[in-house]
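Structure file coords00.csv with CSV, C-alpha atoms and all ligand atoms:
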```
chain,number,residue,atom,x,y,z
D,1478,MET,CA,-15.9,2.0,-43.2
D,1479,GLN,CA,-18.9,3.0,-41.2
D,1480,LYS,CA,-18.9,4.7,-37.8
D,1481,PRO,CA,-19.4,2.0,-35.1
D,1482,ASP,CA,-22.7,2.3,-33.2
D,1483,PHE,CA,-22.1,4.0,-29.8
D,1484,ASP,CA,-24.7,1.9,-28.0
D,1485,ALA,CA,-23.4,-1.3,-29.4
D,1486,VAL,CA,-19.9,-0.3,-28.0
D,1487,VAL,CA,-21.3,0.5,-24.6
D,1488,ASN,CA,-23.2,-2.8,-24.5
D,1489,ALA,CA,-20.1,-4.7,-25.4
D,1490,LEU,CA,-18.2,-2.9,-22.6
D,1491,ARG,CA,-21.0,-4.1,-20.2
D,1492,THR,CA,-19.7,-7.6,-20.8
D,1493,VAL,CA,-16.2,-6.9,-19.7
D,1494,ASN,CA,-15.8,-7.5,-15.9
D,1495,ASP,CA,-13.2,-6.4,-13.4
D,1496,PRO,CA,-12.3,-9.9,-12.3
D,1497,ASP,CA,-11.6,-8.7,-8.7
D,1498,LEU,CA,-14.6,-6.5,-8.2
D,1499,LYS,CA,-16.8,-9.0,-10.2
D,1500,LYS,CA,-18.8,-6.3,-11.9
D,1501,ASP,CA,-18.6,-4.9,-15.4
D,1502,LEU,CA,-16.6,-1.8,-16.3
D,1503,VAL,CA,-19.6,0.3,-17.2
D,1504,THR,CA,-21.4,-0.4,-13.9
D,1505,LEU,CA,-18.2,0.3,-12.0
D,1506,GLY,CA,-17.9,3.7,-13.6
D,1507,MET,CA,-14.5,2.9,-15.0
D,1508,ILE,CA,-15.2,3.9,-18.6
D,1509,LYS,CA,-14.4,7.5,-19.4
D,1510,ASP,CA,-14.0,9.7,-22.5
D,1511,LEU,CA,-15.6,7.0,-24.8
D,1512,LYS,CA,-15.6,8.2,-28.4
D,1513,VAL,CA,-16.4,6.5,-31.7
D,1514,PHE,CA,-15.1,7.9,-34.9
D,1515,ASP,CA,-15.5,7.3,-38.6
D,1516,GLN,CA,-13.1,4.8,-40.0
D,1517,GLY,CA,-14.0,2.3,-37.3
D,1518,LYS,CA,-12.0,3.9,-34.5
D,1519,VAL,CA,-13.0,3.7,-30.8
D,1520,SER,CA,-11.1,5.5,-28.1
D,1521,LEU,CA,-11.6,5.4,-24.3
D,1522,ARG,CA,-10.0,5.6,-20.9
D,1523,VAL,CA,-10.3,2.8,-18.4
D,1524,VAL,CA,-10.0,4.2,-14.9
D,1525,LEU,CA,-9.0,1.5,-12.4
D,1526,THR,CA,-9.1,1.9,-8.6
D,1527,THR,CA,-5.3,1.6,-8.3
D,1528,PRO,CA,-2.4,2.1,-10.7
D,1529,ALA,CA,-0.9,-1.1,-9.1
D,1530,CYS,CA,-3.7,-3.3,-10.4
D,1531,PRO,CA,-2.2,-6.8,-11.1
D,1532,LEU,CA,-5.0,-7.4,-13.7
D,1533,LYS,CA,-4.3,-4.2,-15.7
D,1534,GLU,CA,-3.0,-5.9,-18.8
D,1535,LYS,CA,-5.8,-8.5,-18.7
D,1536,ILE,CA,-8.5,-5.9,-18.5
D,1537,LYS,CA,-6.9,-3.9,-21.3
D,1538,ASP,CA,-6.7,-7.0,-23.5
D,1539,ASP,CA,-10.3,-7.9,-22.7
D,1540,VAL,CA,-11.5,-4.4,-23.7
D,1541,ILE,CA,-9.7,-4.5,-27.0
D,1542,GLN,CA,-10.8,-8.0,-27.9
D,1543,THR,CA,-14.4,-7.4,-26.9
D,1544,LEU,CA,-14.6,-4.1,-28.8
D,1545,LYS,CA,-12.9,-5.5,-31.9
D,1546,ALA,CA,-15.8,-8.0,-32.1
D,1547,VAL,CA,-18.3,-5.2,-32.4
D,1548,ALA,CA,-19.6,-4.4,-35.9
D,1549,ASN,CA,-17.5,-1.8,-37.8
D,1550,VAL,CA,-14.8,-1.5,-35.1
D,1551,GLU,CA,-11.4,-1.6,-36.6
D,1552,THR,CA,-9.0,0.0,-34.1
D,1553,VAL,CA,-9.3,0.5,-30.4
D,1554,ASP,CA,-7.3,3.1,-28.5
D,1555,VAL,CA,-7.4,2.3,-24.8
D,1556,THR,CA,-5.6,4.4,-22.2
D,1557,MET,CA,-5.3,2.7,-18.8
D,1558,ASP,CA,-5.6,5.1,-16.0
D,1559,ALA,CA,-6.3,4.9,-12.2
D,1560,GLU,CA,-7.9,7.0,-9.5
D,1561,VAL,CA,-7.4,5.8,-6.0
D,1562,LYS,CA,-10.4,6.8,-4.0
D,1563,LYS,CA,-10.5,7.6,-0.3
D,1564,THR,CA,-11.8,4.8,1.9
D,1565,ALA,CA,-15.2,5.3,3.5
D,1566,ARG,CA,-14.2,3.2,6.5
D,1567,PRO,CA,-15.4,4.7,9.7
D,1568,GLY,CA,-12.3,3.5,11.7
D,1569,GLY,CA,-11.4,3.9,15.3
D,1570,PRO,CA,-11.8,1.6,18.3
D,1571,ALA,CA,-15.1,0.7,19.7
D,1572,GLY,CA,-16.4,3.0,22.3
D,1573,ALA,CA,-13.7,5.5,21.7
D,1574,SER,CA,-15.7,8.0,19.7
D,1575,ALA,CA,-15.4,10.8,22.2
D,1576,GLN,CA,-11.6,11.1,21.9
D,1577,ASN,CA,-11.5,9.5,18.5
D,1578,THR,CA,-10.3,12.1,16.0
D,1579,ALA,CA,-10.1,9.6,13.2
D,1580,HIS,CA,-11.0,11.8,10.4
D,1581,GLY,CA,-7.9,11.2,8.3
D,1582,ILE,CA,-5.3,13.3,6.7
D,1583,PRO,CA,-6.6,15.6,4.0
D,1584,GLY,CA,-5.5,14.4,0.5
D,1585,VAL,CA,-4.4,10.9,1.6
D,1586,ALA,CA,-6.6,8.2,0.2
D,1587,HIS,CA,-5.3,5.1,2.1
D,1588,ILE,CA,-3.3,4.7,5.3
D,1589,ILE,CA,-1.6,1.4,5.7
D,1590,ALA,CA,0.1,0.3,8.9
D,1591,VAL,CA,3.0,-2.2,8.6
D,1592,SER,CA,3.0,-4.1,11.9
D,1593,SER,CA,4.1,-7.1,13.8
D,1594,GLY,CA,4.0,-8.0,17.5
D,1595,LYS,CA,7.6,-8.9,17.2
D,1596,GLY,CA,10.8,-6.9,16.7
D,1597,GLY,CA,13.4,-7.5,14.0
D,1598,VAL,CA,11.2,-9.5,11.6
D,1599,GLY,CA,11.6,-7.0,8.8
D,1600,LYS,CA,8.7,-4.5,9.2
D,1601,SER,CA,10.7,-1.6,8.1
D,1602,THR,CA,12.3,-3.5,5.2
D,1603,VAL,CA,8.8,-4.5,4.0
D,1604,ALA,CA,7.4,-1.0,4.6
D,1605,VAL,CA,10.2,0.6,2.6
D,1606,ASN,CA,10.1,-1.9,-0.3
D,1607,LEU,CA,6.3,-1.8,-0.4
D,1608,ALA,CA,6.3,2.0,-0.5
D,1609,VAL,CA,8.9,2.2,-3.3
D,1610,SER,CA,7.2,-0.6,-5.2
D,1611,LEU,CA,3.8,1.2,-5.1
D,1612,THR,CA,5.6,4.3,-6.5
D,1613,LEU,CA,7.1,2.2,-9.3
D,1614,GLU,CA,3.6,1.0,-10.2
D,1615,GLY,CA,2.6,4.7,-10.6
D,1616,ALA,CA,1.0,5.5,-7.3
D,1617,LYS,CA,1.7,8.6,-5.2
D,1618,VAL,CA,3.1,7.3,-1.9
D,1619,GLY,CA,4.4,8.6,1.4
D,1620,ILE,CA,6.0,6.7,4.3
D,1621,LEU,CA,5.8,7.7,8.0
D,1622,ASP,CA,8.3,6.3,10.5
D,1623,ALA,CA,6.1,5.8,13.5
D,1624,ASP,CA,9.0,3.9,15.2
D,1625,ILE,CA,9.8,7.0,17.3
D,1626,TYR,CA,12.0,5.0,19.6
D,1627,GLY,CA,14.3,3.7,17.0
D,1628,PRO,CA,13.7,5.5,13.7
D,1629,ASN,CA,15.4,3.7,10.9
D,1630,LEU,CA,13.7,5.1,7.8
D,1631,PRO,CA,15.9,8.0,7.0
D,1632,THR,CA,18.8,5.5,6.7
D,1633,MET,CA,16.8,2.8,4.9
D,1634,MET,CA,15.3,5.3,2.5
D,1635,GLY,CA,18.6,7.0,1.9
D,1636,VAL,CA,17.3,10.4,2.8
D,1637,THR,CA,20.1,13.0,3.2
D,1638,GLU,CA,18.1,16.2,3.6
D,1639,ASN,CA,15.9,17.3,6.5
D,1640,PRO,CA,12.3,18.2,6.1
D,1641,LYS,CA,11.8,21.9,5.4
D,1642,LEU,CA,9.7,24.0,7.7
D,1643,ILE,CA,7.2,26.5,6.2
D,1644,GLN,CA,4.6,28.8,7.7
D,1645,ASP,CA,1.0,27.8,7.0
D,1646,GLN,CA,-1.7,30.3,7.7
D,1647,ALA,CA,-4.1,27.7,9.2
D,1648,ARG,CA,-1.7,25.3,10.8
D,1649,GLY,CA,1.3,27.3,11.8
D,1650,GLU,CA,4.7,25.7,11.2
D,1651,VAL,CA,4.4,22.8,8.8
D,1652,PHE,CA,7.0,20.2,7.6
D,1653,ILE,CA,7.6,19.5,3.9
D,1654,PRO,CA,8.8,15.9,3.8
D,1655,PRO,CA,11.9,15.1,1.7
D,1656,VAL,CA,11.3,12.8,-1.2
D,1657,SER,CA,13.5,9.7,-1.8
D,1658,HIS,CA,13.1,7.1,-4.5
D,1659,GLY,CA,9.8,8.9,-5.3
D,1660,VAL,CA,8.4,8.5,-1.8
D,1661,LYS,CA,7.7,11.3,0.7
D,1662,VAL,CA,9.4,10.4,3.9
D,1663,MET,CA,8.8,11.6,7.5
D,1664,SER,CA,10.6,10.4,10.5
D,1665,MET,CA,11.4,11.3,14.1
D,1666,GLY,CA,14.9,10.6,13.0
D,1667,PHE,CA,15.0,13.9,11.2
D,1668,LEU,CA,14.2,15.8,14.4
D,1669,LEU,CA,16.7,14.1,16.7
D,1670,GLN,CA,20.3,15.2,17.2
D,1671,GLY,CA,22.9,12.5,17.1
D,1672,ASP,CA,22.4,9.2,18.9
D,1673,GLN,CA,20.3,10.5,21.8
D,1674,PRO,CA,17.7,7.9,23.0
D,1675,VAL,CA,14.1,8.9,23.0
D,1676,ILE,CA,12.0,8.7,26.1
D,1677,TRP,CA,8.4,9.5,25.4
D,1678,ARG,CA,5.6,9.5,27.9
D,1679,GLY,CA,2.0,8.8,26.9
D,1680,PRO,CA,0.7,12.3,26.2
D,1681,MET,CA,4.0,13.4,24.5
D,1682,LEU,CA,3.9,10.4,22.3
D,1683,HIS,CA,0.3,11.0,21.3
D,1684,ASN,CA,1.2,14.6,20.6
D,1685,ILE,CA,4.1,13.9,18.3
D,1686,LEU,CA,2.2,11.3,16.3
D,1687,SER,CA,-0.6,13.8,15.9
D,1688,GLN,CA,1.9,16.4,14.6
D,1689,PHE,CA,3.1,13.9,12.1
D,1690,CYS,CA,-0.4,13.6,10.8
D,1691,THR,CA,-1.5,17.2,10.9
D,1692,ARG,CA,1.6,19.3,10.6
D,1693,VAL,CA,3.2,17.4,7.7
D,1694,GLU,CA,2.3,18.6,4.2
D,1695,TRP,CA,1.7,15.2,2.7
D,1696,GLY,CA,-0.1,16.7,-0.3
D,1697,SER,CA,-2.1,14.3,-2.4
D,1698,LEU,CA,-1.2,10.6,-1.7
D,1699,ASP,CA,-2.8,7.4,-2.9
D,1700,TYR,CA,-1.1,5.4,-0.1
D,1701,LEU,CA,0.6,6.5,3.1
D,1702,ILE,CA,2.6,3.6,4.6
D,1703,ILE,CA,3.2,3.7,8.4
D,1704,ASP,CA,6.2,1.7,9.7
D,1705,LEU,CA,5.3,0.8,13.3
D,1706,PRO,CA,7.6,-0.1,16.2
D,1707,PRO,CA,7.4,-3.7,17.4
D,1708,GLY,CA,4.7,-4.6,19.9
D,1709,THR,CA,1.1,-3.8,20.6
D,1710,GLY,CA,1.6,-0.6,22.7
D,1711,ASP,CA,0.8,3.1,22.8
D,1712,VAL,CA,1.9,3.9,19.3
D,1713,GLN,CA,-0.3,1.4,17.7
D,1714,LEU,CA,-3.3,2.4,19.8
D,1715,SER,CA,-2.8,6.1,19.4
D,1716,LEU,CA,-2.6,5.7,15.6
D,1717,ALA,CA,-5.7,3.5,15.5
D,1718,GLN,CA,-7.5,6.2,17.4
D,1719,MET,CA,-6.2,9.1,15.5
D,1720,LEU,CA,-6.4,7.8,12.0
D,1721,PRO,CA,-8.9,5.9,9.9
D,1722,LEU,CA,-6.4,3.2,8.9
D,1723,THR,CA,-7.4,1.3,5.8
D,1724,GLY,CA,-5.8,-1.8,7.2
D,1725,ALA,CA,-2.6,-3.4,8.5
D,1726,VAL,CA,-0.1,-5.5,6.7
D,1727,ILE,CA,1.3,-8.0,9.2
D,1728,VAL,CA,4.9,-9.1,9.0
D,1729,THR,CA,6.1,-12.3,10.6
D,1730,THR,CA,8.9,-14.8,10.4
D,1731,PRO,CA,7.9,-18.5,10.1
D,1732,GLN,CA,8.7,-19.8,13.5
D,1733,GLU,CA,6.5,-20.4,16.5
D,1734,ILE,CA,8.3,-17.9,18.8
D,1735,ALA,CA,7.5,-15.1,16.3
D,1736,LEU,CA,4.0,-16.3,15.7
D,1737,GLN,CA,3.1,-16.0,19.4
D,1738,ASP,CA,3.8,-12.2,19.3
D,1739,VAL,CA,2.3,-11.7,15.9
D,1740,ARG,CA,-1.0,-13.4,17.0
D,1741,LYS,CA,-1.2,-10.7,19.7
D,1742,ALA,CA,-0.8,-8.0,17.1
D,1743,LEU,CA,-3.5,-9.5,15.0
D,1744,LYS,CA,-5.9,-9.7,18.0
D,1745,MET,CA,-5.1,-6.0,18.8
D,1746,TRP,CA,-6.0,-4.9,15.3
D,1747,GLU,CA,-9.1,-6.9,15.5
D,1748,LYS,CA,-10.0,-5.1,18.7
D,1749,VAL,CA,-9.5,-1.7,17.3
D,1750,ARG,CA,-11.4,-2.7,14.2
D,1751,VAL,CA,-8.5,-2.2,11.7
D,1752,PRO,CA,-8.8,-5.0,9.1
D,1753,ALA,CA,-5.7,-7.1,8.4
D,1754,ILE,CA,-4.9,-6.6,4.7
D,1755,GLY,CA,-2.8,-9.8,4.8
D,1756,ILE,CA,0.3,-11.4,6.1
D,1757,VAL,CA,3.9,-11.2,4.8
D,1758,GLU,CA,6.1,-14.1,5.9
D,1759,ASN,CA,9.7,-12.7,5.8
D,1760,MET,CA,12.9,-14.6,6.0
D,1761,SER,CA,11.0,-17.7,4.8
D,1762,TYR,CA,14.0,-19.4,3.3
D,1763,PHE,CA,17.6,-18.8,2.2
D,1764,ARG,CA,18.7,-20.1,-1.2
D,1765,ALA,CA,22.3,-21.1,-1.3
D,1766,ASP,CA,24.6,-20.9,-4.4
D,1767,ASP,CA,23.8,-24.5,-5.2
D,1768,GLY,CA,20.1,-23.6,-5.5
D,1769,LYS,CA,19.2,-25.5,-2.3
D,1770,GLU,CA,16.7,-23.8,0.0
D,1771,TYR,CA,17.2,-23.7,3.7
D,1772,ARG,CA,14.3,-22.9,6.0
D,1773,ILE,CA,16.4,-21.3,8.7
D,1774,PHE,CA,13.4,-19.9,10.7
D,1775,GLY,CA,11.1,-22.9,10.3
D,1776,GLU,CA,8.2,-23.3,8.0
D,1777,GLY,CA,4.5,-22.7,7.5
D,1778,GLY,CA,3.9,-20.0,10.1
D,1779,GLY,CA,2.6,-17.4,7.8
D,1780,GLN,CA,0.1,-19.8,6.2
D,1781,MET,CA,-1.0,-21.0,9.6
D,1782,LEU,CA,-1.7,-17.4,10.8
D,1783,ALA,CA,-3.6,-16.6,7.7
D,1784,ARG,CA,-5.8,-19.6,8.1
D,1785,LYS,CA,-6.4,-18.9,11.8
D,1786,PHE,CA,-7.3,-15.3,11.4
D,1787,ASN,CA,-9.1,-15.7,8.1
D,1788,SER,CA,-6.6,-13.6,6.3
D,1789,LYS,CA,-4.4,-14.0,3.3
D,1790,LEU,CA,-0.7,-14.9,3.0
D,1791,LEU,CA,0.4,-12.3,0.6
D,1792,ALA,CA,4.1,-13.2,0.2
D,1793,GLN,CA,6.9,-15.3,1.4
D,1794,MET,CA,10.1,-13.3,1.2
D,1795,PRO,CA,13.5,-15.0,1.0
D,1796,LEU,CA,16.4,-14.1,3.2
D,1797,VAL,CA,18.8,-12.3,0.9
D,1798,ILE,CA,22.0,-10.5,1.7
D,1799,GLU,CA,21.3,-7.7,-0.8
D,1800,VAL,CA,18.1,-6.9,1.0
D,1801,ARG,CA,20.0,-6.2,4.2
D,1802,LYS,CA,22.7,-4.2,2.3
D,1803,GLY,CA,19.9,-2.3,0.5
D,1804,GLY,CA,18.5,-1.3,4.0
D,1805,ASP,CA,21.9,-0.3,5.3
D,1806,GLU,CA,22.9,1.7,2.3
D,1807,GLY,CA,19.6,3.5,1.8
D,1808,LYS,CA,18.9,1.9,-1.6
D,1809,PRO,CA,16.0,-0.5,-1.2
D,1810,ILE,CA,16.4,-3.8,-3.1
D,1811,VAL,CA,13.6,-3.0,-5.6
D,1812,ILE,CA,15.8,-0.1,-6.7
D,1813,ARG,CA,19.2,-1.7,-6.2
D,1814,ASP,CA,18.4,-4.9,-8.1
D,1815,PRO,CA,15.0,-4.6,-9.7
D,1816,ALA,CA,15.1,-7.8,-11.7
D,1817,SER,CA,16.1,-10.1,-8.7
D,1818,GLU,CA,13.6,-12.7,-7.5
D,1819,VAL,CA,13.1,-10.9,-4.2
D,1820,SER,CA,12.4,-7.6,-5.9
D,1821,LEU,CA,9.8,-9.2,-8.1
D,1822,SER,CA,8.2,-10.6,-5.0
D,1823,PHE,CA,8.1,-7.2,-3.4
D,1824,ARG,CA,6.5,-5.7,-6.6
D,1825,ASP,CA,4.0,-8.5,-6.6
D,1826,LEU,CA,3.3,-7.9,-2.9
D,1827,ALA,CA,2.6,-4.2,-3.7
D,1828,ARG,CA,0.1,-5.1,-6.4
D,1829,LYS,CA,-1.6,-7.6,-4.1
D,1830,VAL,CA,-1.9,-5.0,-1.3
D,1831,ALA,CA,-3.4,-2.5,-3.7
D,1832,GLN,CA,-5.7,-5.2,-5.0
D,1833,GLU,CA,-6.9,-6.2,-1.5
D,1834,ILE,CA,-7.6,-2.5,-0.7
D,1835,ALA,CA,-9.6,-2.1,-3.9
D,1836,MET,CA,-11.6,-5.1,-3.0
D,1837,MET,CA,-12.2,-4.0,0.6
D,1838,ASP,CA,-13.3,-0.6,-0.7
D,1839,ALA,CA,-15.7,-2.2,-3.2
D,1840,LYS,CA,-17.4,-4.1,-0.3
D,1841,THR,CA,-17.8,-1.0,1.8
D,1842,LYS,CA,-19.1,1.3,-1.0
D,1843,ASP,CA,-22.1,1.2,-3.1
D,1844,ALA,CA,-21.2,0.7,-6.7
D,1845,PRO,CA,-20.9,4.1,-8.5
D,1846,SER,CA,-23.7,4.9,-10.8
D,1847,LEU,CA,-23.1,5.1,-14.5
D,1848,GLU,CA,-21.7,8.5,-15.4
D,1849,ILE,CA,-23.7,9.4,-18.4
D,1850,GLY,CA,-21.9,12.7,-18.7
D,1851,SER,CA,-18.6,10.9,-19.4
D,1852,PHE,CA,-19.9,9.2,-22.6
D,1901,LIG,N1,14.3,-10.7,3.7
D,1901,LIG,C1,15.5,-10.2,4.2
D,1901,LIG,N2,16.7,-10.6,3.8
D,1901,LIG,C2,17.8,-10.2,4.4
D,1901,LIG,N3,17.8,-9.3,5.4
D,1901,LIG,C3,16.6,-8.9,5.9
D,1901,LIG,C4,15.4,-9.3,5.3
D,1901,LIG,N4,14.4,-8.6,6.0
D,1901,LIG,C5,15.0,-7.9,6.9
D,1901,LIG,N5,16.3,-8.0,6.8
D,1901,LIG,C6,17.3,-7.3,7.7
D,1901,LIG,O1,17.0,-7.7,9.0
D,1901,LIG,C7,17.2,-6.6,9.9
D,1901,LIG,C8,15.9,-6.3,10.6
D,1901,LIG,O2,15.0,-5.8,9.7
D,1901,LIG,P1,14.0,-4.6,9.9
D,1901,LIG,O3,14.8,-3.4,10.5
D,1901,LIG,O4,13.3,-4.3,8.7
D,1901,LIG,O5,13.1,-5.2,11.0
D,1901,LIG,P2,12.0,-4.5,11.9
D,1901,LIG,O6,10.9,-5.6,12.2
D,1901,LIG,O7,11.6,-3.2,11.4
D,1901,LIG,O8,12.8,-4.3,13.2
D,1901,LIG,P3,12.4,-3.4,14.5
D,1901,LIG,O9,11.4,-4.2,15.3
D,1901,LIG,O10,13.6,-3.1,15.2
D,1901,LIG,O11,11.7,-2.1,14.0
D,1901,LIG,C9,17.7,-5.4,9.0
D,1901,LIG,O12,19.1,-5.4,9.1
D,1901,LIG,C10,17.2,-5.8,7.6
D,1901,LIG,O13,18.1,-5.3,6.6
D,1902,MG,MG,11.6,-1.3,12.2
```

Structure rendered as structure tokens:
Amino acid sequence: MQKPDFDAVVNALRTVNDPDLKKDLVTLGMIKDLKVFDQGKVSLRVVLTTPACPLKEKIKDDVIQTLKAVANVETVDVTMDAEVKKTARPGGPAGASAQNTAHGIPGVAHIIAVSSGKGGVGKSTVAVNLAVSLTLEGAKVGILDADIYGPNLPTMMGVTENPKLIQDQARGEVFIPPVSHGVKVMSMGFLLQGDQPVIWRGPMLHNILSQFCTRVEWGSLDYLIIDLPPGTGDVQLSLAQMLPLTGAVIVTTPQEIALQDVRKALKMWEKVRVPAIGIVENMSYFRADDGKEYRIFGEGGGQMLARKFNSKLLAQMPLVIEVRKGGDEGKPIVIRDPASEVSLSFRDLARKVAQEIAMMDAKTKDAPSLEIGSF
């Protein structure tokens, strides 16, 4: 068996497209460590923009089938890999450049806010299951509880230890966030004693949020999920000013009364120029033991919002008792019952969020040039 021709292999790879980014893998700079051997063997690494890519298997199959059609190629050894790149989004509200410190958190590629104008629609539940699902897909993930009035994340993530304080030469005292279910977790809940209510005034609030960004050792993260309190108030605006948010995942329930508030949230994100990654309709239906679906909170709201704001409906989550139990017991449903329908929906949501971000990125960046050195 002859050695396959290197150029023929590269040319074949130029015909394999990333279906989302609509460009070929060579142009996208996704082919690394390409080698051809005697005996008809080809080996390569395909480096995607997210480990949670929903098309990973399809791209792998396409590469193998395409290369097997090249003369003298017998076996193809493909390793699927991913490298989440930092967003180039400028970020920050219009006209706020003077006080806008939106230069991000070192080492964190994407910051995703989970938001809703309305309380109790399942923001924290979605944030937690999204974070854990992204981890299960192989991403490095952190979650920040920005609900400093009613921090629920330590409970919902099942964190039992407090963050550690270390001394950093440049930054002074720095928190090391505890890790639960593979996710780094930071919350005001760790810093409060007992059940005392929190009363923050504007500057204090800005200050504590800023500390969460600069004085927490997040390390290297692909995604930092921020669980926001309800509403369109100071916390949301402070964060939008402080951080170059990649985008916001908007959570709603289907009924009109929720939609009224969620519309306000969508308008607020529009104003501060944070793109909506998409909409999650939570508590969409309840399936009884007889299989019948009950639309307890009405129908069609998520779809309507998506249409009106030119966004996407990413998921419709059922109302499931185990989801609530998972929150209360600190064992998110995607860990508690990974094969359940709702867990599979959360895993699907995570891949879609990663996919939307990869596509948003591709639009804002020039395509990387072909890295000759990697061949
Ligand atoms: N799909 C679901 N099925 C069953 N229970 C759910 C579901 N989504 C959320 N819940 C439950 O509903 C309650 C409210 O959810 P959650 O705390 O996530 O909402 P929230 O929007 O973050 O609320 P807040 O505005 O107070 O921050 C929780 O007890 C949670 O476990
Ligand atoms: Mg919450």

Interatomic distance (Å, one decimal) between CA of Ile1588 in chain D and CA of Lys1600 in chain D: 15.6 Å

Residue among D:Pro1631, D:Gly1803, D:Gly1597, D:Pro1583 lying closest to ligand MG 1902 (chain D), counting only C-alpha atoms and all ligand atoms: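 Closest residue, counting only C-alpha atoms and all ligand atoms: D:Gly1597.
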
Give me the box for range 1693-1708 of chain D as AutoDock Vina command-line options, namely the centre and edge lengths in Å to one decimal of a box along x, y and z that holds every listed atom plus 3 Å on each side.
```
--center_x 2.4 --center_y 7.0 --center_z 8.5 --size_x 16.4 --size_y 29.2 --size_z 28.8
```

One-decimal distance in Å that lies between atom C4 of ligand LIG 1901 (chain D) and CA of Ala1765 in chain D: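 Here the two named atoms are 15.2 Å from each other.
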
All residues having an atom within 6 Å of ligand LIG 1901 (chain D) (all atoms listed in the file) as a ChimeraX atom specification: /D:1596-1602,1706-1707,1759-1760,1794-1798,1800-1801,1804

Please save C-alpha atoms of the selected residues as a tab-separated table (two decimals), in the coordinates of the input.
```tsv
chain	number	residue	atom	x	y	z
D	1596	GLY	CA	10.80	-6.90	16.70
D	1597	GLY	CA	13.40	-7.50	14.00
D	1598	VAL	CA	11.20	-9.50	11.60
D	1599	GLY	CA	11.60	-7.00	8.80
D	1600	LYS	CA	8.70	-4.50	9.20
D	1601	SER	CA	10.70	-1.60	8.10
D	1602	THR	CA	12.30	-3.50	5.20
D	1706	PRO	CA	7.60	-0.10	16.20
D	1707	PRO	CA	7.40	-3.70	17.40
D	1759	ASN	CA	9.70	-12.70	5.80
D	1760	MET	CA	12.90	-14.60	6.00
D	1794	MET	CA	10.10	-13.30	1.20
D	1795	PRO	CA	13.50	-15.00	1.00
D	1796	LEU	CA	16.40	-14.10	3.20
D	1797	VAL	CA	18.80	-12.30	0.90
D	1798	ILE	CA	22.00	-10.50	1.70
D	1800	VAL	CA	18.10	-6.90	1.00
D	1801	ARG	CA	20.00	-6.20	4.20
D	1804	GLY	CA	18.50	-1.30	4.00
```
